[in-house]
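Have a look at protein-v7.cif; it's mmCIF, C-alpha atoms:
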data_coords
loop_
_atom_site.label_atom_id
_atom_site.label_comp_id
_atom_site.auth_asym_id
_atom_site.auth_seq_id
_atom_site.Cartn_x
_atom_site.Cartn_y
_atom_site.Cartn_z
CA MET A 1 19.23 188.28 190.45
CA ARG A 2 19.34 186.58 187.06
CA GLU A 3 22.02 187.76 184.62
CA PHE A 4 22.00 187.49 180.83
CA PRO A 5 25.60 187.85 179.59
CA VAL A 6 25.05 186.63 175.99
CA VAL A 7 22.32 188.61 174.24
CA VAL A 8 21.23 188.42 170.59
CA ASP A 9 18.99 191.04 169.00
CA LEU A 10 17.09 189.63 166.02
CA SER A 11 15.24 192.88 165.35
CA ALA A 12 15.44 194.40 161.90
CA LEU A 13 16.56 197.64 163.62
CA SER A 14 19.18 197.38 166.33
CA GLY A 15 18.76 200.76 168.03
CA PRO A 16 15.47 200.53 169.98
CA PHE A 17 16.39 197.58 172.22
CA ALA A 18 19.91 198.87 173.00
CA GLN A 19 18.47 202.30 173.88
CA ALA A 20 15.75 200.85 176.11
CA LEU A 21 18.27 198.60 177.84
CA ALA A 22 20.69 201.46 178.51
CA GLY A 23 18.00 203.38 180.37
CA SER A 24 16.67 200.48 182.44
CA ASP A 25 17.53 199.04 185.86
CA ALA A 26 18.48 195.76 184.16
CA ALA A 27 21.39 197.29 182.23
CA GLY A 28 23.96 195.96 184.69
CA ARG A 29 22.65 192.38 184.41
CA VAL A 30 22.34 192.19 180.63
CA GLY A 31 25.30 191.97 178.28
CA ALA A 32 25.76 194.17 175.26
CA PRO A 33 23.39 192.84 172.59
CA THR A 34 24.81 191.39 169.41
CA SER A 35 22.65 192.69 166.59
CA LEU A 36 22.38 190.66 163.41
CA ALA A 37 21.55 193.86 161.54
CA ASP A 38 24.76 195.54 162.79
CA ALA A 39 26.75 192.41 161.96
CA GLY A 40 25.70 192.69 158.33
CA LEU A 41 23.35 189.73 158.54
CA ALA A 42 19.76 190.20 157.45
CA ALA A 43 17.55 189.94 160.52
CA ASP A 44 15.22 187.66 158.59
CA PRO A 45 12.83 185.92 161.02
CA GLY A 46 12.28 183.16 158.51
CA ALA A 47 15.93 182.42 157.84
CA VAL A 48 16.72 178.70 157.85
CA PRO A 49 18.85 177.98 159.71
CA LEU A 50 18.83 180.95 162.08
CA PRO A 51 22.36 182.45 162.07
CA VAL A 52 22.81 181.86 165.82
CA THR A 53 24.63 178.85 167.27
CA GLU A 54 22.30 176.38 168.96
CA GLY A 55 22.25 176.69 172.75
CA SER A 56 24.46 179.79 172.76
CA ALA A 57 22.32 182.71 173.97
CA ASP A 58 21.03 183.68 177.41
CA LEU A 59 18.57 186.19 175.98
CA ILE A 60 17.14 186.63 172.49
CA VAL A 61 15.08 189.67 171.55
CA SER A 62 13.00 190.29 168.43
CA LEU A 63 11.18 193.61 168.24
CA MET A 64 8.56 194.25 165.57
CA THR A 65 10.07 191.76 163.10
CA LEU A 66 8.41 188.36 163.53
CA HIS A 67 5.17 189.37 161.77
CA TRP A 68 7.20 189.15 158.53
CA ALA A 69 7.99 185.46 159.09
CA ASN A 70 6.38 183.08 156.61
CA ASP A 71 6.54 180.30 159.22
CA LEU A 72 6.08 181.89 162.62
CA PRO A 73 6.00 178.61 164.62
CA GLY A 74 9.18 177.52 162.81
CA ALA A 75 10.92 180.83 163.54
CA LEU A 76 10.00 180.57 167.23
CA THR A 77 11.30 177.00 167.34
CA GLN A 78 14.65 178.12 165.94
CA ILE A 79 14.84 180.88 168.53
CA ARG A 80 14.14 178.43 171.34
CA ARG A 81 16.88 176.10 170.09
CA ALA A 82 19.36 178.99 169.99
CA LEU A 83 18.80 179.67 173.71
CA LYS A 84 20.74 178.06 176.52
CA PRO A 85 18.61 176.02 178.96
CA ASP A 86 16.61 178.53 181.04
CA GLY A 87 17.35 181.23 178.46
CA LEU A 88 14.75 183.92 177.85
CA PHE A 89 13.04 185.10 174.67
CA LEU A 90 11.30 188.47 174.45
CA GLY A 91 9.45 189.52 171.31
CA THR A 92 6.92 191.93 169.90
CA LEU A 93 5.05 191.69 166.60
CA LEU A 94 2.00 193.17 164.95
CA GLY A 95 -1.25 191.32 165.63
CA ALA A 96 -4.44 190.56 163.73
CA GLY A 97 -6.22 193.82 164.61
CA THR A 98 -3.54 195.93 162.95
CA LEU A 99 -4.82 198.27 160.23
CA LYS A 100 -8.28 196.72 160.33
CA GLU A 101 -9.81 199.97 159.04
CA LEU A 102 -7.44 200.15 156.08
CA ARG A 103 -7.99 196.49 155.24
CA ALA A 104 -11.77 196.98 155.16
CA VAL A 105 -11.91 200.10 152.99
CA LEU A 106 -9.34 198.88 150.45
CA THR A 107 -11.23 195.61 150.03
CA ASP A 108 -14.61 197.29 149.65
CA ALA A 109 -13.32 199.95 147.24
CA GLU A 110 -11.66 197.34 145.04
CA LEU A 111 -14.71 195.08 145.05
CA GLU A 112 -16.90 198.02 144.11
CA LEU A 113 -14.78 199.28 141.21
CA ARG A 114 -13.04 196.13 140.02
CA GLU A 115 -15.44 193.34 141.10
CA GLY A 116 -12.55 191.51 142.71
CA ALA A 117 -10.03 192.25 145.45
CA SER A 118 -6.46 191.30 146.29
CA ALA A 119 -4.95 191.12 149.76
CA ARG A 120 -3.57 194.61 150.41
CA VAL A 121 -2.69 194.26 154.10
CA SER A 122 -0.44 191.44 155.25
CA PRO A 123 -2.02 188.73 157.43
CA PHE A 124 -1.05 188.89 161.12
CA ALA A 125 -1.14 186.33 163.91
CA ASP A 126 -3.98 186.60 166.42
CA GLY A 127 -2.67 187.95 169.71
CA PHE A 128 -4.78 185.47 171.67
CA ASP A 129 -2.78 182.64 170.05
CA GLY A 130 0.55 183.98 171.30
CA ALA A 131 1.01 181.71 174.30
CA GLY A 132 -0.07 178.70 172.24
CA LEU A 133 2.51 179.51 169.57
CA LEU A 134 5.23 179.67 172.23
CA GLN A 135 4.14 176.33 173.67
CA ARG A 136 4.09 174.77 170.21
CA ALA A 137 7.68 175.97 169.71
CA GLY A 138 8.75 174.26 172.95
CA PHE A 139 8.95 177.25 175.29
CA ALA A 140 8.24 176.89 178.99
CA LEU A 141 6.30 179.43 181.09
CA PRO A 142 4.89 181.23 178.03
CA VAL A 143 3.32 184.66 178.45
CA ALA A 144 1.51 186.73 175.82
CA ASP A 145 -0.45 189.96 176.04
CA VAL A 146 -1.72 192.55 173.59
CA ASP A 147 -1.49 196.34 173.44
CA ARG A 148 -3.75 198.27 171.07
CA LEU A 149 -2.72 201.70 169.88
CA THR A 150 -4.73 204.16 167.81
CA VAL A 151 -2.81 206.63 165.66
CA ARG A 152 -4.67 209.53 164.04
CA TYR A 153 -3.92 210.86 160.55
CA SER A 154 -5.09 213.73 158.40
CA GLY A 155 -6.18 211.26 155.73
CA LEU A 156 -5.36 208.05 153.87
CA PRO A 157 -2.33 209.52 152.01
CA ALA A 158 -0.72 210.46 155.33
CA LEU A 159 -1.27 206.94 156.68
CA VAL A 160 0.28 205.37 153.57
CA ARG A 161 3.31 207.68 153.79
CA ASP A 162 3.82 206.67 157.42
CA LEU A 163 3.62 202.96 156.60
CA ARG A 164 6.20 203.39 153.84
CA ALA A 165 8.51 205.28 156.20
CA MET A 166 8.22 202.44 158.74
CA GLY A 167 8.99 199.80 156.11
CA GLU A 168 5.62 198.19 156.80
CA THR A 169 4.10 198.15 153.33
CA ASN A 170 2.59 195.02 151.82
CA ALA A 171 5.17 192.36 150.88
CA LEU A 172 2.89 189.46 149.97
CA ALA A 173 4.26 187.17 147.29
CA GLY A 174 2.53 186.61 143.98
CA PRO A 175 1.11 188.84 141.24
CA ILE A 176 -0.98 191.69 142.67
CA GLN A 177 -2.72 194.13 140.38
CA PRO A 178 -1.74 197.72 141.25
CA LEU A 179 -4.35 199.96 142.83
CA SER A 180 -5.72 202.63 140.51
CA ARG A 181 -6.18 206.27 141.43
CA ALA A 182 -9.94 205.72 141.37
CA ILE A 183 -9.76 202.86 143.86
CA LEU A 184 -7.48 204.81 146.19
CA ALA A 185 -9.77 207.82 146.00
CA ARG A 186 -12.80 205.64 146.78
CA ALA A 187 -10.96 203.99 149.66
CA ALA A 188 -10.05 207.40 151.09
CA HIS A 189 -13.71 208.45 150.84
CA LEU A 190 -14.91 205.26 152.57
CA TYR A 191 -12.28 205.65 155.31
CA ALA A 192 -13.42 209.20 156.07
CA GLU A 193 -17.10 208.26 155.82
CA ARG A 194 -16.88 205.29 158.18
CA PHE A 195 -14.14 206.18 160.64
CA ALA A 196 -13.40 209.93 160.62
CA GLU A 197 -13.60 211.61 164.02
CA ALA A 198 -15.17 214.96 164.83
CA ASP A 199 -12.11 216.92 163.70
CA GLY A 200 -11.94 215.04 160.39
CA ARG A 201 -8.86 212.97 161.25
CA ILE A 202 -8.94 209.21 160.66
CA PRO A 203 -7.82 206.56 163.18
CA ALA A 204 -5.57 203.59 162.38
CA THR A 205 -5.36 200.67 164.79
CA PHE A 206 -2.04 198.97 165.57
CA GLU A 207 -2.20 195.80 167.66
CA ILE A 208 1.12 194.86 169.28
CA VAL A 209 1.54 191.31 170.58
CA ASN A 210 4.10 190.93 173.38
CA LEU A 211 5.67 187.49 173.87
CA ALA A 212 7.91 186.02 176.57
CA GLY A 213 9.05 182.43 176.99
CA TRP A 214 11.88 180.41 178.51
CA ALA A 215 13.92 177.55 177.13
CA PRO A 216 13.03 174.55 179.32
CA HIS A 217 15.17 173.77 182.38
CA GLU A 218 14.71 171.40 185.31
CA SER A 219 14.87 174.28 187.81
CA GLN A 220 11.72 175.95 186.45
CA PRO A 221 8.39 175.70 188.30
CA LYS A 222 6.26 172.75 187.22
CA PRO A 223 2.46 172.49 187.40
CA LEU A 224 1.13 170.17 190.10
CA LYS A 225 -0.39 166.89 189.06
CA ARG A 226 -4.10 166.92 188.38
CA GLY A 227 -6.08 166.20 191.55
CA SER A 228 -3.21 167.02 193.94
CA ALA A 229 -4.64 170.32 195.19
CA LYS A 230 -4.95 170.68 198.97
CA VAL A 231 -7.30 173.69 198.94
CA ARG A 232 -10.72 173.86 197.28
CA LEU A 233 -11.06 176.56 194.61
CA ALA A 234 -14.28 177.82 196.21
CA ASP A 235 -12.45 178.32 199.53
CA ALA A 236 -9.55 180.12 197.86
CA LEU A 237 -11.98 182.48 196.09
CA GLY A 238 -14.15 182.91 199.16
CA VAL A 239 -17.35 181.90 197.39
CA VAL A 240 -20.11 179.42 198.13
CA GLU A 241 -20.07 176.31 195.96
CA HIS A 242 -23.51 175.23 194.70
CA GLY A 243 -24.47 171.74 193.66
CA LYS A 244 -24.99 170.75 190.03
CA GLY A 245 -28.14 172.20 188.53
CA VAL A 246 -28.72 174.70 191.37
#
Could you take the file, read its structure, and then write that structure out as structure tokens?
Amino acid sequence: MREFPVVVDLSALSGPFAQALAGSDAAGRVGAPTSLADAGLAADPGAVPLPVTEGSADLIVSLMTLHWANDLPGALTQIRRALKPDGLFLGTLLGAGTLKELRAVLTDAELELREGASARVSPFADGFDGAGLLQRAGFALPVADVDRLTVRYSGLPALVRDLRAMGETNALAGPIQPLSRAILARAAHLYAERFAEADGRIPATFEIVNLAGWAPHESQPKPLKRGSAKVRLADALGVVEHGKGV
């Protein structure tokens, strides 16, 4: 089975991956991860150049960090270059559906009371673009899927406290006018009015995009040339093929 002796963890927090690895069947095949955070280097997904020697790693992991990158395709390209041929990248990041409820009520409350709105929730990549982003960065055999989680809170203040504790508050550059108490109160009212469940708690959506891709290598499977198939698709699916227009 494949082994990954040189492992780099680009996550902002080093603990989660090391803990998950220790409790998995793959622990014996994966080397101890080198964490940039533990090494005193900022695990900045947009750092140029990435503080990892080109072609040095068998496995690179980035958990819940890449959504902070200003240039996501560029960050993925740097990660691919840091991998050895046939090296593996595994990553997770927040996707476009994250905090969609909060985004909507803050925008509407600010438009209503201030007649103008600023971006209050960071933009996120669309999960359906994940495989395309990996291909653009030069990865082979790209895979992307999306998990959607709903977390319930007693109200908007509890949600904001949780986001602050996670370090996931808005970090958009540029001058942003602070939210007033009136706008926050109106947003809380709109949140409860539109989304509150039967028990009065409000839901918050978190969309997690999971990415996997390999640095290219000649040993990897290659797609067959167009027109070289030896079995008709209709036969493989066990369906009857109808003529055009039927």
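Nearest residue to Thr34 (chain A), choosing from A:Val61, A:Ala104, A:Val146, A:Leu233 and counting only C-alpha atoms: A:Val61.
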Could you name the residues that touch Ala37 (chain A) at 8 Å or less, counting only C-alpha atoms, but leaving out those on the same chain fewer than 6 positions away, as number ranges by chain?
A: 10-14, 43
Quick one: which residues end up in the PyMOL selection byres ((chain A and resi 87) around 7) for this structure, as JSON, numbers by chain?
{"A": [57, 58, 59, 83, 84, 85, 86, 88, 89, 214, 215]}
Output file for the selection above: C-alpha atoms, as a PDB file, keeping the file's coordinate frame:
ATOM      1  CA  ALA A  57      22.320 182.710 173.970  1.00  0.00           C
ATOM      2  CA  ASP A  58      21.030 183.680 177.410  1.00  0.00           C
ATOM      3  CA  LEU A  59      18.570 186.190 175.980  1.00  0.00           C
ATOM      4  CA  LEU A  83      18.800 179.670 173.710  1.00  0.00           C
ATOM      5  CA  LYS A  84      20.740 178.060 176.520  1.00  0.00           C
ATOM      6  CA  PRO A  85      18.610 176.020 178.960  1.00  0.00           C
ATOM      7  CA  ASP A  86      16.610 178.530 181.040  1.00  0.00           C
ATOM      8  CA  LEU A  88      14.750 183.920 177.850  1.00  0.00           C
ATOM      9  CA  PHE A  89      13.040 185.100 174.670  1.00  0.00           C
ATOM     10  CA  TRP A 214      11.880 180.410 178.510  1.00  0.00           C
ATOM     11  CA  ALA A 215      13.920 177.550 177.130  1.00  0.00           C
TER      12      ALA A 215
END
Give the answer as one residue: which of A:Val7, A:Ala212, A:Ser24, A:Leu36 has the shortest atom-to-atom distance to Leu141 (chain A), using all atoms listed in the file?
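Nearest candidate to Leu141 (chain A) out of A:Val7, A:Ala212, A:Ser24, A:Leu36: A:Ala212.
The spacing separating CA of His67 (chain A) from CA of Leu94 (chain A) amounts to 5.9 Å.
Computed from the coordinates, the CA of Leu190 (chain A) to CA of Leu93 (chain A) distance equals 27.9 Å.
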For the file shown, report as a ChimeraX atom specification the outcome of the PyMOL selection byres ((chain A and resi 189) around 12) at residue level.
/A:102,105-106,108-109,155-157,182-188,190-196,200,202
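Nearest-residue note for Phe206 (chain A): choosing from A:Lys225, A:Arg181, A:Lys100, A:Lys230, the minimum distance belongs to A:Lys100, counting all atoms listed in the file.
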Quick one: distance from CA of Met166 (chain A) to CA of Asp126 (chain A) in Å, one decimal?
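The value is 21.4 Å.
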Starting from the displayed file, determine the output of the PyMOL selection byres ((chain A and resi 119) around 10) and express the residue list as a ChimeraX atom specification.
/A:103,106-107,117-118,120-123,170,172,176
Pull C-alpha atoms from the residues just selected and write them as a PDB file, keeping the file's coordinate frame.
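Result went into again-v5.pdb, see below:
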ATOM      1  CA  ARG A 103      -7.990 196.490 155.240  1.00  0.00           C
ATOM      2  CA  LEU A 106      -9.340 198.880 150.450  1.00  0.00           C
ATOM      3  CA  THR A 107     -11.230 195.610 150.030  1.00  0.00           C
ATOM      4  CA  ALA A 117     -10.030 192.250 145.450  1.00  0.00           C
ATOM      5  CA  SER A 118      -6.460 191.300 146.290  1.00  0.00           C
ATOM      6  CA  ARG A 120      -3.570 194.610 150.410  1.00  0.00           C
ATOM      7  CA  VAL A 121      -2.690 194.260 154.100  1.00  0.00           C
ATOM      8  CA  SER A 122      -0.440 191.440 155.250  1.00  0.00           C
ATOM      9  CA  PRO A 123      -2.020 188.730 157.430  1.00  0.00           C
ATOM     10  CA  ASN A 170       2.590 195.020 151.820  1.00  0.00           C
ATOM     11  CA  LEU A 172       2.890 189.460 149.970  1.00  0.00           C
ATOM     12  CA  ILE A 176      -0.980 191.690 142.670  1.00  0.00           C
TER      13      ILE A 176
END
Can you tell me, as a PyMOL selection string, what residues are no more than 6 Å from Gly127 (chain A) when counting only C-alpha atoms, ignoring any on the same chain fewer than 2 positions away?
chain A and resi 95+129-130+209
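Using all atoms listed in the file, the shortest contact distance between Asp9 (chain A) and any of A:Ala26, A:Arg148, A:Met64, A:Ile208 is found at A:Met64.
Candidate residues A:Phe17, A:Met1, A:Glu110, A:Ala82 were compared for distance to Pro178 (chain A), and the nearest is A:Glu110, using all atoms listed in the file.
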Among listed residues A:Arg81, A:Arg164, A:Arg152, A:Arg226, nearest Glu197 (chain A) (using only C-alpha atoms):
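Using only C-alpha atoms, the shortest distance to Glu197 (chain A) belongs to A:Arg152.
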N, CA and C atoms of region 142-174 of chain A from block above, as a PDB file, in the first residue's frame:
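And here's part09.pdb as it stands now:
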ATOM      1  N   PRO A 142      -8.422  14.823 -10.062  1.00  0.00           N
ATOM      2  CA  PRO A 142      -9.034  15.689  -9.045  1.00  0.00           C
ATOM      3  C   PRO A 142     -10.389  15.167  -8.583  1.00  0.00           C
ATOM      4  N   VAL A 143     -10.651  15.323  -7.310  1.00  0.00           N
ATOM      5  CA  VAL A 143     -11.934  14.928  -6.720  1.00  0.00           C
ATOM      6  C   VAL A 143     -12.399  16.047  -5.792  1.00  0.00           C
ATOM      7  N   ALA A 144     -13.670  16.394  -5.879  1.00  0.00           N
ATOM      8  CA  ALA A 144     -14.245  17.399  -4.982  1.00  0.00           C
ATOM      9  C   ALA A 144     -15.661  16.982  -4.613  1.00  0.00           C
ATOM     10  N   ASP A 145     -16.003  17.119  -3.356  1.00  0.00           N
ATOM     11  CA  ASP A 145     -17.395  16.923  -2.942  1.00  0.00           C
ATOM     12  C   ASP A 145     -17.714  17.914  -1.828  1.00  0.00           C
ATOM     13  N   VAL A 146     -18.990  18.006  -1.494  1.00  0.00           N
ATOM     14  CA  VAL A 146     -19.455  19.044  -0.576  1.00  0.00           C
ATOM     15  C   VAL A 146     -20.295  18.421   0.529  1.00  0.00           C
ATOM     16  N   ASP A 147     -20.014  18.814   1.760  1.00  0.00           N
ATOM     17  CA  ASP A 147     -20.845  18.466   2.917  1.00  0.00           C
ATOM     18  C   ASP A 147     -21.525  19.741   3.413  1.00  0.00           C
ATOM     19  N   ARG A 148     -22.792  19.641   3.746  1.00  0.00           N
ATOM     20  CA  ARG A 148     -23.518  20.790   4.282  1.00  0.00           C
ATOM     21  C   ARG A 148     -23.993  20.466   5.694  1.00  0.00           C
ATOM     22  N   LEU A 149     -23.602  21.329   6.618  1.00  0.00           N
ATOM     23  CA  LEU A 149     -23.951  21.146   8.019  1.00  0.00           C
ATOM     24  C   LEU A 149     -24.825  22.306   8.472  1.00  0.00           C
ATOM     25  N   THR A 150     -25.807  22.008   9.299  1.00  0.00           N
ATOM     26  CA  THR A 150     -26.654  23.044   9.888  1.00  0.00           C
ATOM     27  C   THR A 150     -26.438  23.051  11.393  1.00  0.00           C
ATOM     28  N   VAL A 151     -26.019  24.196  11.912  1.00  0.00           N
ATOM     29  CA  VAL A 151     -25.799  24.361  13.346  1.00  0.00           C
ATOM     30  C   VAL A 151     -26.872  25.296  13.878  1.00  0.00           C
ATOM     31  N   ARG A 152     -27.479  24.942  15.008  1.00  0.00           N
ATOM     32  CA  ARG A 152     -28.583  25.715  15.555  1.00  0.00           C
ATOM     33  C   ARG A 152     -28.108  26.550  16.744  1.00  0.00           C
ATOM     34  N   TYR A 153     -28.616  27.801  16.801  1.00  0.00           N
ATOM     35  CA  TYR A 153     -28.205  28.734  17.850  1.00  0.00           C
ATOM     36  C   TYR A 153     -29.437  29.336  18.512  1.00  0.00           C
ATOM     37  N   SER A 154     -29.212  29.856  19.720  1.00  0.00           N
ATOM     38  CA  SER A 154     -30.316  30.491  20.440  1.00  0.00           C
ATOM     39  C   SER A 154     -30.703  31.824  19.802  1.00  0.00           C
ATOM     40  N   GLY A 155     -29.780  32.440  19.083  1.00  0.00           N
ATOM     41  CA  GLY A 155     -30.059  33.714  18.433  1.00  0.00           C
ATOM     42  C   GLY A 155     -28.817  34.223  17.740  1.00  0.00           C
ATOM     43  N   LEU A 156     -28.940  35.382  17.088  1.00  0.00           N
ATOM     44  CA  LEU A 156     -27.816  35.957  16.348  1.00  0.00           C
ATOM     45  C   LEU A 156     -26.599  36.238  17.233  1.00  0.00           C
ATOM     46  N   PRO A 157     -26.748  36.774  18.438  1.00  0.00           N
ATOM     47  CA  PRO A 157     -25.563  36.998  19.281  1.00  0.00           C
ATOM     48  C   PRO A 157     -24.767  35.724  19.542  1.00  0.00           C
ATOM     49  N   ALA A 158     -25.454  34.603  19.736  1.00  0.00           N
ATOM     50  CA  ALA A 158     -24.756  33.341  19.982  1.00  0.00           C
ATOM     51  C   ALA A 158     -23.980  32.895  18.749  1.00  0.00           C
ATOM     52  N   LEU A 159     -24.557  33.098  17.567  1.00  0.00           N
ATOM     53  CA  LEU A 159     -23.862  32.758  16.324  1.00  0.00           C
ATOM     54  C   LEU A 159     -22.606  33.612  16.168  1.00  0.00           C
ATOM     55  N   VAL A 160     -22.714  34.911  16.413  1.00  0.00           N
ATOM     56  CA  VAL A 160     -21.566  35.806  16.270  1.00  0.00           C
ATOM     57  C   VAL A 160     -20.461  35.426  17.256  1.00  0.00           C
ATOM     58  N   ARG A 161     -20.837  35.085  18.484  1.00  0.00           N
ATOM     59  CA  ARG A 161     -19.829  34.665  19.475  1.00  0.00           C
ATOM     60  C   ARG A 161     -19.099  33.413  19.004  1.00  0.00           C
ATOM     61  N   ASP A 162     -19.820  32.480  18.418  1.00  0.00           N
ATOM     62  CA  ASP A 162     -19.210  31.241  17.934  1.00  0.00           C
ATOM     63  C   ASP A 162     -18.245  31.524  16.786  1.00  0.00           C
ATOM     64  N   LEU A 163     -18.632  32.399  15.868  1.00  0.00           N
ATOM     65  CA  LEU A 163     -17.757  32.743  14.750  1.00  0.00           C
ATOM     66  C   LEU A 163     -16.472  33.404  15.243  1.00  0.00           C
ATOM     67  N   ARG A 164     -16.592  34.268  16.232  1.00  0.00           N
ATOM     68  CA  ARG A 164     -15.403  34.915  16.796  1.00  0.00           C
ATOM     69  C   ARG A 164     -14.496  33.891  17.466  1.00  0.00           C
ATOM     70  N   ALA A 165     -15.086  32.936  18.171  1.00  0.00           N
ATOM     71  CA  ALA A 165     -14.295  31.903  18.841  1.00  0.00           C
ATOM     72  C   ALA A 165     -13.579  31.003  17.833  1.00  0.00           C
ATOM     73  N   MET A 166     -14.164  30.818  16.656  1.00  0.00           N
ATOM     74  CA  MET A 166     -13.546  30.006  15.607  1.00  0.00           C
ATOM     75  C   MET A 166     -12.504  30.775  14.810  1.00  0.00           C
ATOM     76  N   GLY A 167     -12.425  32.088  15.001  1.00  0.00           N
ATOM     77  CA  GLY A 167     -11.534  32.908  14.189  1.00  0.00           C
ATOM     78  C   GLY A 167     -12.040  33.073  12.772  1.00  0.00           C
ATOM     79  N   GLU A 168     -13.358  33.028  12.596  1.00  0.00           N
ATOM     80  CA  GLU A 168     -13.946  33.082  11.258  1.00  0.00           C
ATOM     81  C   GLU A 168     -14.763  34.355  11.039  1.00  0.00           C
ATOM     82  N   THR A 169     -14.346  35.439  11.673  1.00  0.00           N
ATOM     83  CA  THR A 169     -15.042  36.706  11.435  1.00  0.00           C
ATOM     84  C   THR A 169     -14.531  37.352  10.152  1.00  0.00           C
ATOM     85  N   ASN A 170     -15.258  38.344   9.688  1.00  0.00           N
ATOM     86  CA  ASN A 170     -14.968  38.986   8.409  1.00  0.00           C
ATOM     87  C   ASN A 170     -13.582  39.639   8.428  1.00  0.00           C
ATOM     88  N   ALA A 171     -12.783  39.351   7.389  1.00  0.00           N
ATOM     89  CA  ALA A 171     -11.443  39.953   7.294  1.00  0.00           C
ATOM     90  C   ALA A 171     -11.249  40.616   5.931  1.00  0.00           C
ATOM     91  N   LEU A 172     -12.323  41.090   5.324  1.00  0.00           N
ATOM     92  CA  LEU A 172     -12.212  41.734   4.017  1.00  0.00           C
ATOM     93  C   LEU A 172     -11.450  43.043   4.140  1.00  0.00           C
ATOM     94  N   ALA A 173     -10.607  43.300   3.153  1.00  0.00           N
ATOM     95  CA  ALA A 173      -9.805  44.520   3.158  1.00  0.00           C
ATOM     96  C   ALA A 173     -10.655  45.727   2.768  1.00  0.00           C
ATOM     97  N   GLY A 174     -10.185  46.899   3.133  1.00  0.00           N
ATOM     98  CA  GLY A 174     -10.878  48.117   2.747  1.00  0.00           C
ATOM     99  C   GLY A 174     -11.713  48.691   3.878  1.00  0.00           C
TER     100      GLY A 174
END
